Each structure stands twice: as structure tokens, then as C-alpha cells.
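Asker: Sharing upload-v1.json (JSON, C-alpha atoms and all ligand atoms) below.
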```
[["chain", "number", "residue", "atom", "x", "y", "z"],
["A", 1, "MET", "CA", -37.26, -19.04, 32.30],
["A", 2, "SER", "CA", -33.57, -19.48, 33.00],
["A", 3, "THR", "CA", -31.36, -16.40, 32.84],
["A", 4, "ALA", "CA", -28.13, -18.40, 32.86],
["A", 5, "HIS", "CA", -25.69, -17.53, 30.09],
["A", 6, "PRO", "CA", -23.85, -20.24, 28.19],
["A", 7, "HIS", "CA", -20.25, -20.74, 29.22],
["A", 8, "VAL", "CA", -17.91, -18.87, 26.87],
["A", 9, "PRO", "CA", -14.26, -19.92, 27.11],
["A", 10, "ASP", "CA", -11.77, -17.12, 27.76],
["A", 11, "VAL", "CA", -9.87, -17.48, 24.47],
["A", 12, "SER", "CA", -8.08, -14.62, 22.70],
["A", 13, "THR", "CA", -9.05, -13.46, 19.21],
["A", 14, "GLU", "CA", -5.64, -14.57, 17.95],
["A", 15, "ASP", "CA", -6.19, -18.07, 19.32],
["A", 16, "ARG", "CA", -9.64, -18.22, 17.74],
["A", 17, "LEU", "CA", -8.28, -17.11, 14.37],
["A", 18, "TYR", "CA", -5.61, -19.80, 14.64],
["A", 19, "THR", "CA", -8.36, -22.43, 14.39],
["A", 20, "VAL", "CA", -9.64, -20.99, 11.09],
["A", 21, "LYS", "CA", -8.35, -22.52, 7.89],
["A", 22, "TYR", "CA", -8.22, -20.99, 4.43],
["A", 23, "ARG", "CA", -8.22, -22.45, 0.98],
["A", 24, "ASP", "CA", -6.34, -20.02, -1.23],
["A", 25, "SER", "CA", -7.87, -19.60, -4.67],
["A", 26, "GLY", "CA", -4.68, -17.92, -5.87],
["A", 27, "GLU", "CA", -6.45, -14.68, -6.72],
["A", 28, "SER", "CA", -7.97, -11.98, -4.55],
["A", 29, "HIS", "CA", -11.74, -11.77, -4.16],
["A", 30, "LEU", "CA", -11.24, -8.32, -2.61],
["A", 31, "GLY", "CA", -10.07, -5.14, -4.22],
["A", 32, "ILE", "CA", -10.23, -1.36, -4.43],
["A", 33, "GLU", "CA", -12.45, 0.40, -6.95],
["A", 34, "ASN", "CA", -10.38, 3.57, -7.20],
["A", 35, "ALA", "CA", -6.95, 3.90, -5.57],
["A", 36, "ASP", "CA", -7.11, 7.71, -5.88],
["A", 37, "ILE", "CA", -9.98, 7.73, -3.39],
["A", 38, "CYS", "CA", -7.87, 5.77, -0.90],
["A", 39, "THR", "CA", -5.10, 8.32, -1.31],
["A", 40, "GLU", "CA", -7.53, 11.03, -0.20],
["A", 41, "CYS", "CA", -9.12, 8.90, 2.55],
["A", 42, "THR", "CA", -7.78, 9.88, 5.97],
["A", 43, "THR", "CA", -9.79, 7.49, 8.14],
["A", 44, "ASN", "CA", -9.01, 4.06, 6.62],
["A", 45, "GLU", "CA", -12.08, 2.35, 8.04],
["A", 46, "CYS", "CA", -11.21, -0.78, 6.03],
["A", 47, "THR", "CA", -8.28, -1.33, 8.40],
["A", 48, "SER", "CA", -10.25, -0.76, 11.58],
["A", 49, "VAL", "CA", -13.41, -2.75, 10.83],
["A", 50, "CYS", "CA", -11.68, -5.92, 9.63],
["A", 51, "PRO", "CA", -11.46, -8.55, 12.39],
["A", 52, "ALA", "CA", -8.70, -10.44, 10.58],
["A", 53, "ALA", "CA", -6.29, -7.56, 9.80],
["A", 54, "VAL", "CA", -6.65, -8.19, 6.06],
["A", 55, "TRP", "CA", -6.38, -4.46, 5.22],
["A", 56, "THR", "CA", -3.22, -2.57, 6.15],
["A", 57, "VAL", "CA", -1.92, 0.84, 5.16],
["A", 58, "ASP", "CA", 1.85, 1.29, 5.27],
["A", 59, "ASP", "CA", 3.57, 4.63, 5.65],
["A", 60, "ASP", "CA", 4.99, 4.34, 2.13],
["A", 61, "SER", "CA", 1.80, 3.20, 0.38],
["A", 62, "ASP", "CA", 0.30, 6.65, -0.33],
["A", 63, "GLY", "CA", -2.73, 5.62, 1.71],
["A", 64, "VAL", "CA", -3.62, 2.71, -0.59],
["A", 65, "PRO", "CA", -4.24, -0.41, 1.49],
["A", 66, "SER", "CA", -2.55, -3.77, 1.02],
["A", 67, "ILE", "CA", -5.05, -6.64, 1.08],
["A", 68, "ALA", "CA", -4.08, -10.02, 2.56],
["A", 69, "TYR", "CA", -7.16, -11.65, 1.07],
["A", 70, "GLU", "CA", -6.09, -15.16, 2.13],
["A", 71, "ASN", "CA", -6.97, -14.29, 5.74],
["A", 72, "CYS", "CA", -10.48, -13.04, 4.93],
["A", 73, "LEU", "CA", -13.33, -14.36, 7.11],
["A", 74, "GLU", "CA", -15.95, -13.24, 4.52],
["A", 75, "CYS", "CA", -17.81, -11.16, 7.11],
["A", 76, "GLY", "CA", -18.47, -8.26, 4.73],
["A", 77, "SER", "CA", -17.49, -5.52, 7.19],
["A", 78, "CYS", "CA", -15.00, -3.81, 4.88],
["A", 79, "ARG", "CA", -17.61, -3.59, 2.14],
["A", 80, "PHE", "CA", -19.97, -1.65, 4.38],
["A", 81, "GLY", "CA", -17.33, 0.08, 6.49],
["A", 82, "CYS", "CA", -15.71, 2.03, 3.66],
["A", 83, "PRO", "CA", -17.46, 5.43, 3.64],
["A", 84, "TYR", "CA", -16.72, 5.84, -0.09],
["A", 85, "ASP", "CA", -18.16, 2.51, -1.21],
["A", 86, "ASN", "CA", -14.72, 1.88, -2.65],
["A", 87, "VAL", "CA", -14.31, -1.82, -1.79],
["A", 88, "GLU", "CA", -14.71, -4.48, -4.46],
["A", 89, "TRP", "CA", -16.14, -7.49, -2.68],
["A", 90, "THR", "CA", -17.05, -10.91, -4.01],
["A", 91, "TYR", "CA", -17.07, -14.36, -2.51],
["A", 92, "PRO", "CA", -13.95, -16.45, -3.19],
["A", 93, "LYS", "CA", -14.22, -18.94, -6.04],
["A", 94, "THR", "CA", -16.18, -22.07, -5.24],
["A", 95, "GLY", "CA", -14.11, -24.46, -3.13],
["A", 96, "SER", "CA", -11.81, -21.75, -1.77],
["A", 97, "GLY", "CA", -12.05, -19.31, 1.10],
["A", 98, "VAL", "CA", -12.47, -19.62, 4.83],
["A", 99, "VAL", "CA", -13.25, -22.90, 6.58],
["A", 100, "PHE", "CA", -14.67, -22.56, 10.10],
["A", 101, "LYS", "CA", -14.35, -25.40, 12.57],
["A", 102, "GLN", "CA", -17.08, -26.04, 15.10],
["A", 103, "GLY", "CA", -16.29, -26.13, 18.81],
["B", 201, "LIG", "S1", -10.94, 1.22, 0.95],
["B", 201, "LIG", "FE1", -12.27, 2.85, 1.69],
["B", 201, "LIG", "S2", -11.82, 3.07, 3.89],
["B", 201, "LIG", "FE2", -10.15, 1.90, 2.95],
["B", 201, "LIG", "S3", -8.57, 3.45, 2.46],
["B", 201, "LIG", "FE3", -9.84, 3.14, 0.61],
["B", 201, "LIG", "S4", -11.42, 4.70, 0.73],
["B", 201, "LIG", "FE4", -10.54, 4.53, 2.80],
["B", 202, "LIG", "S1", -14.89, -9.46, 4.58],
["B", 202, "LIG", "FE1", -14.44, -9.19, 6.80],
["B", 202, "LIG", "S2", -12.63, -10.44, 7.19],
["B", 202, "LIG", "FE2", -12.80, -10.19, 4.95],
["B", 202, "LIG", "S3", -11.50, -8.44, 4.51],
["B", 202, "LIG", "FE3", -13.58, -7.66, 4.77],
["B", 202, "LIG", "S4", -13.71, -7.06, 6.94],
["B", 202, "LIG", "FE4", -11.92, -8.39, 6.72]]
```
Could you show the structure in this file as C-alpha cells?
Answerer:
Amino acid sequence: MSTAHPHVPDVSTEDRLYTVKYRDSGESHLGIENADICTECTTNECTSVCPAAVWTVDDDSDGVPSIAYENCLECGSCRFGCPYDNVEWTYPKTGSGVVFKQG
């Protein structure tokens, strides 16, 4: 049996994300159940587990994340990464959301 690994091009995450397209539904499929919990949350896992930097916490946001839902890759990591189960997560409306290209 061959032990050779397939060739993986040396391409940065930013370059890979540049090839991903999004169809914006105009409304977020992501949300926060209870903003008060985010205010108390000191670890902000939603920001660290997201591969597309959808979740960000600004200094002046009281710890409540902003959500750039149009960049979502629909991987589900934020849903499971939040230790307080505080992420509202649904798929985007039919016909919208991420479009991956092959290659
Ligand atoms: S969504 Fe979850 S991980 Fe993110 S700030 Fe709120 S409580 Fe913390
Ligand atoms: S589903 Fe994945 S890409 Fe989308 S916001 Fe959550 S962690 Fe980020």
C-alpha cells in the first residue's frame, strides 16, 4: 500500500477564503440567545473557533460579539464552541449562504 500523501498546495487561509463566494440572504442566520451571558463571558470562544472571523468583540461592545454572518462557512464550530450554549444557529435561507468552489 502506498504511503504517499496527496500534494497540498501551500496556499494561505486568506487566499483560500478569497475563493469562497456568499449569497447574502439579507438577514442573519446566526445570533445570540442572551446578550447578558456574553457580557459575563470572559473567554469569547465564538471568536477563536470561527475560521472566517465572523465573530468579533470590540472594546466598546460590553463583551457582546458582532456577527458578520455574510462570511459564514456554515461549519457549526461557534454553535459547539460556546461554553454557554448561547449561539443561535440555523442554516441560511434556501438559495443563500456559502458557495464552495472545487479545486
Ligand atoms: S456567544 Fe458564547 S462564547 Fe461568544 S461571547 Fe457569548 S457566551 Fe461567550
Ligand atoms: S458556523 Fe463556522 S464559519 Fe459560521 S460563524 Fe460559526 S464558526 Fe464561523
Asker: Could you give me, as an MDAnalysis selection string, every polymer residue with an atom at most 10 Å away from an atom of ligand LIG 201 (chain B), counting all atoms listed in the file?
Answerer: chainID A and resid 31:49 55:57 62:67 78:88
Asker: What does the list of residues within 6 Å of ligand LIG 202 (chain B) look like if you count all atoms listed in the file, written as a PDB file with C-alpha atoms, in the coordinates of the input?
Answerer:
```pdb
ATOM      1  CA  VAL A  49     -13.410  -2.750  10.830  1.00  0.00           C
ATOM      2  CA  CYS A  50     -11.680  -5.920   9.630  1.00  0.00           C
ATOM      3  CA  PRO A  51     -11.460  -8.550  12.390  1.00  0.00           C
ATOM      4  CA  ALA A  52      -8.700 -10.440  10.580  1.00  0.00           C
ATOM      5  CA  VAL A  54      -6.650  -8.190   6.060  1.00  0.00           C
ATOM      6  CA  CYS A  72     -10.480 -13.040   4.930  1.00  0.00           C
ATOM      7  CA  LEU A  73     -13.330 -14.360   7.110  1.00  0.00           C
ATOM      8  CA  GLU A  74     -15.950 -13.240   4.520  1.00  0.00           C
ATOM      9  CA  CYS A  75     -17.810 -11.160   7.110  1.00  0.00           C
ATOM     10  CA  GLY A  76     -18.470  -8.260   4.730  1.00  0.00           C
ATOM     11  CA  SER A  77     -17.490  -5.520   7.190  1.00  0.00           C
ATOM     12  CA  CYS A  78     -15.000  -3.810   4.880  1.00  0.00           C
TER      13      CYS A  78
END
```
Asker: Name the residues in contact with A:Lys101 at a cut-off of 12 Å, using all atoms listed in the file, excluding same-chain residues fewer than 3 positions from it; report them as a PDB file with C-alpha atoms, in the frame of the given file.
Answerer:
```pdb
ATOM      1  CA  ARG A  16      -9.640 -18.220  17.740  1.00  0.00           C
ATOM      2  CA  LEU A  17      -8.280 -17.110  14.370  1.00  0.00           C
ATOM      3  CA  TYR A  18      -5.610 -19.800  14.640  1.00  0.00           C
ATOM      4  CA  THR A  19      -8.360 -22.430  14.390  1.00  0.00           C
ATOM      5  CA  VAL A  20      -9.640 -20.990  11.090  1.00  0.00           C
ATOM      6  CA  LYS A  21      -8.350 -22.520   7.890  1.00  0.00           C
ATOM      7  CA  TYR A  22      -8.220 -20.990   4.430  1.00  0.00           C
ATOM      8  CA  VAL A  98     -12.470 -19.620   4.830  1.00  0.00           C
TER       9      VAL A  98
END
```
Asker: Figure out the distance between atom CA of A:Tyr91 and atom CA of A:Tyr69, please, to one decimal in Å.
Answerer: 10.9 Å
Asker: State, in Å with one decimal place, the distance from atom CA of A:Val11 to atom CA of A:Gly95.
Answerer: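 That distance, rounded to one decimal, is 28.8 Å.
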Asker: Any idea what the distance is between atom CA of A:His29 and atom CA of A:Ser61?
Answerer: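 Separation between atom CA of A:His29 and atom CA of A:Ser61: 20.7 Å.
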Asker: Once N, CA and C atoms are restored for stretch 18-34 of chain A, what would the output be as a PDB file, in the coordinates of the input?
Answerer:
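After the write, rebuild-v7.pdb holds the following:
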```pdb
ATOM      1  N   TYR A  18      -6.553 -18.724  14.934  1.00  0.00           N
ATOM      2  CA  TYR A  18      -5.610 -19.800  14.640  1.00  0.00           C
ATOM      3  C   TYR A  18      -6.341 -21.077  14.250  1.00  0.00           C
ATOM      4  N   THR A  19      -7.591 -21.222  14.695  1.00  0.00           N
ATOM      5  CA  THR A  19      -8.360 -22.430  14.390  1.00  0.00           C
ATOM      6  C   THR A  19      -9.036 -22.348  13.018  1.00  0.00           C
ATOM      7  N   VAL A  20      -8.981 -21.171  12.382  1.00  0.00           N
ATOM      8  CA  VAL A  20      -9.640 -20.990  11.090  1.00  0.00           C
ATOM      9  C   VAL A  20      -8.678 -21.370   9.970  1.00  0.00           C
ATOM     10  N   LYS A  21      -9.177 -22.112   9.016  1.00  0.00           N
ATOM     11  CA  LYS A  21      -8.350 -22.520   7.890  1.00  0.00           C
ATOM     12  C   LYS A  21      -8.818 -21.823   6.607  1.00  0.00           C
ATOM     13  N   TYR A  22      -7.905 -21.669   5.677  1.00  0.00           N
ATOM     14  CA  TYR A  22      -8.220 -20.990   4.430  1.00  0.00           C
ATOM     15  C   TYR A  22      -7.794 -21.837   3.242  1.00  0.00           C
ATOM     16  N   ARG A  23      -8.615 -21.813   2.244  1.00  0.00           N
ATOM     17  CA  ARG A  23      -8.220 -22.450   0.980  1.00  0.00           C
ATOM     18  C   ARG A  23      -7.972 -21.317  -0.010  1.00  0.00           C
ATOM     19  N   ASP A  24      -6.730 -21.149  -0.382  1.00  0.00           N
ATOM     20  CA  ASP A  24      -6.340 -20.020  -1.230  1.00  0.00           C
ATOM     21  C   ASP A  24      -6.680 -20.309  -2.687  1.00  0.00           C
ATOM     22  N   SER A  25      -7.489 -19.432  -3.259  1.00  0.00           N
ATOM     23  CA  SER A  25      -7.870 -19.600  -4.670  1.00  0.00           C
ATOM     24  C   SER A  25      -6.754 -19.153  -5.597  1.00  0.00           C
ATOM     25  N   GLY A  26      -5.777 -18.426  -5.046  1.00  0.00           N
ATOM     26  CA  GLY A  26      -4.680 -17.920  -5.870  1.00  0.00           C
ATOM     27  C   GLY A  26      -4.947 -16.548  -6.443  1.00  0.00           C
ATOM     28  N   GLU A  27      -6.171 -16.049  -6.269  1.00  0.00           N
ATOM     29  CA  GLU A  27      -6.450 -14.680  -6.720  1.00  0.00           C
ATOM     30  C   GLU A  27      -7.393 -14.017  -5.731  1.00  0.00           C
ATOM     31  N   SER A  28      -7.216 -12.708  -5.579  1.00  0.00           N
ATOM     32  CA  SER A  28      -7.970 -11.980  -4.550  1.00  0.00           C
ATOM     33  C   SER A  28      -9.434 -11.817  -4.934  1.00  0.00           C
ATOM     34  N   HIS A  29     -10.310 -12.053  -3.974  1.00  0.00           N
ATOM     35  CA  HIS A  29     -11.740 -11.770  -4.160  1.00  0.00           C
ATOM     36  C   HIS A  29     -12.078 -10.388  -3.618  1.00  0.00           C
ATOM     37  N   LEU A  30     -11.068  -9.668  -3.147  1.00  0.00           N
ATOM     38  CA  LEU A  30     -11.240  -8.320  -2.610  1.00  0.00           C
ATOM     39  C   LEU A  30     -10.395  -7.351  -3.413  1.00  0.00           C
ATOM     40  N   GLY A  31     -10.845  -6.132  -3.503  1.00  0.00           N
ATOM     41  CA  GLY A  31     -10.070  -5.140  -4.220  1.00  0.00           C
ATOM     42  C   GLY A  31     -10.536  -3.736  -3.898  1.00  0.00           C
ATOM     43  N   ILE A  32      -9.926  -2.778  -4.591  1.00  0.00           N
ATOM     44  CA  ILE A  32     -10.230  -1.360  -4.430  1.00  0.00           C
ATOM     45  C   ILE A  32     -10.757  -0.840  -5.756  1.00  0.00           C
ATOM     46  N   GLU A  33     -11.868  -0.137  -5.710  1.00  0.00           N
ATOM     47  CA  GLU A  33     -12.450   0.400  -6.950  1.00  0.00           C
ATOM     48  C   GLU A  33     -11.545   1.477  -7.540  1.00  0.00           C
ATOM     49  N   ASN A  34     -11.117   2.408  -6.707  1.00  0.00           N
ATOM     50  CA  ASN A  34     -10.380   3.570  -7.200  1.00  0.00           C
ATOM     51  C   ASN A  34      -9.302   3.936  -6.176  1.00  0.00           C
TER      52      ASN A  34
END
```
